[in-house]
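Just below is one structure, and these are the notes that go with it.
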Amino acid sequence: DGELTFVGPAVICTSSTSTTSATTITSSTTSETSTTTTTSTTTPLPGTCYPPVIGSDKDTSDCNYVFPPGTCLVRCTQGYTGDPAVYTCDNLVDNFYGTGPDCVSTTTTTTGTRTFTSVTTSTSTGTTVTTTATTSTTSTSTTTSTTTPPPGACYPPVLGQDKDVTDCAAKFPPHGSCTVTCTASYSGNPVIYYCYDL
């Protein structure tokens, strides 16, 4: 009795969002951004495989101090979700190899802008004063969702935020299929995925 999963070809989605903005500034604005990046490197023990370097959204700490032949589990870091992936190290020349995991951010950032305009006109002196104030507010919220399919149903594929897999919910093998499409701000051809009992 194996895990039920969907299989299908890659879904290619291209961003179809374009942004156009025009700004007229009549006063000076100061903005300050501070970014801190921390990089940690680990020298493996003699005779162990070098851990894979595959992106900051993936946790490869399980791959430290593994002697060949050996395996490790790569997981998504905090703030990301996705199924873990197994990496294999057969020898010290090739080190680890594997694919994934496909990690999807669980953080959504929403930005809103509010503009207030005040116009004062004085006809006795013939002057017009226009004052514009803009307030920008940014809020961040973390959303984590876990979908457990009904007993006997296939787990929907984990493909990324640019893909819509809602049609894959509650599909049962051996004839279960679903259509994976691109989300609203992306374009691409839909792809059919099939549910098999592994």
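Quick note on naming: the chains in the structure tokens go A, B, ... in the order shown, residues restart at 1 in each chain, and ligands are numbered from 1 in order of appearance.
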Exercise for the section: With a distance cut-off of 12 Å and only C-alpha atoms, select the neighbouring residues of Thr48 in chain A, excluding the residue or stretch itself and same-chain residues fewer than 3 positions from it, and output the selection as a PyMOL selection string. Expected result: chain A and resi 42-45+51+63-71+89-96
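The two atoms in question, CA of Cys168 in chain A and CA of Thr99 in chain A, are spaced 22.9 Å apart.
Picture a line from CA of Arg75 in chain A to CA of Tyr193 in chain A; it runs 24.4 Å.
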Problem - Residue neighbourhood Gln161 in chain A, 8 Å, only C-alpha atoms, exclusion window fewer than 2 positions, as a ChimeraX atom specification - result: /A:104,159,163-164,183
Written selection (N, CA, C and O atoms) as a PDB file, in the first residue's frame:
```pdb
ATOM      1  N   VAL A 104       7.817  26.609  -1.575  1.00  0.00           N
ATOM      2  CA  VAL A 104       6.927  27.718  -1.890  1.00  0.00           C
ATOM      3  C   VAL A 104       6.823  28.599  -0.657  1.00  0.00           C
ATOM      4  O   VAL A 104       6.596  28.100   0.451  1.00  0.00           O
ATOM      5  N   LEU A 159       3.677  22.311  -6.996  1.00  0.00           N
ATOM      6  CA  LEU A 159       4.352  22.773  -8.204  1.00  0.00           C
ATOM      7  C   LEU A 159       4.810  24.226  -8.154  1.00  0.00           C
ATOM      8  O   LEU A 159       5.522  24.656  -9.031  1.00  0.00           O
ATOM      9  N   LYS A 163       1.282  28.117 -10.299  1.00  0.00           N
ATOM     10  CA  LYS A 163       0.447  27.051 -10.846  1.00  0.00           C
ATOM     11  C   LYS A 163      -0.773  26.808  -9.967  1.00  0.00           C
ATOM     12  O   LYS A 163      -0.696  26.826  -8.752  1.00  0.00           O
ATOM     13  N   ASP A 164      -1.921  26.553 -10.588  1.00  0.00           N
ATOM     14  CA  ASP A 164      -3.173  26.299  -9.891  1.00  0.00           C
ATOM     15  C   ASP A 164      -3.475  24.803  -9.961  1.00  0.00           C
ATOM     16  O   ASP A 164      -3.705  24.257 -11.038  1.00  0.00           O
ATOM     17  N   THR A 183      -1.784  30.384 -12.605  1.00  0.00           N
ATOM     18  CA  THR A 183      -2.605  31.284 -11.802  1.00  0.00           C
ATOM     19  C   THR A 183      -2.892  32.566 -12.567  1.00  0.00           C
ATOM     20  O   THR A 183      -2.362  32.793 -13.655  1.00  0.00           O
TER      21      THR A 183
END
```
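In this structure, CA of Pro101 in chain A sits 20.0 Å away from CA of Cys182 in chain A.
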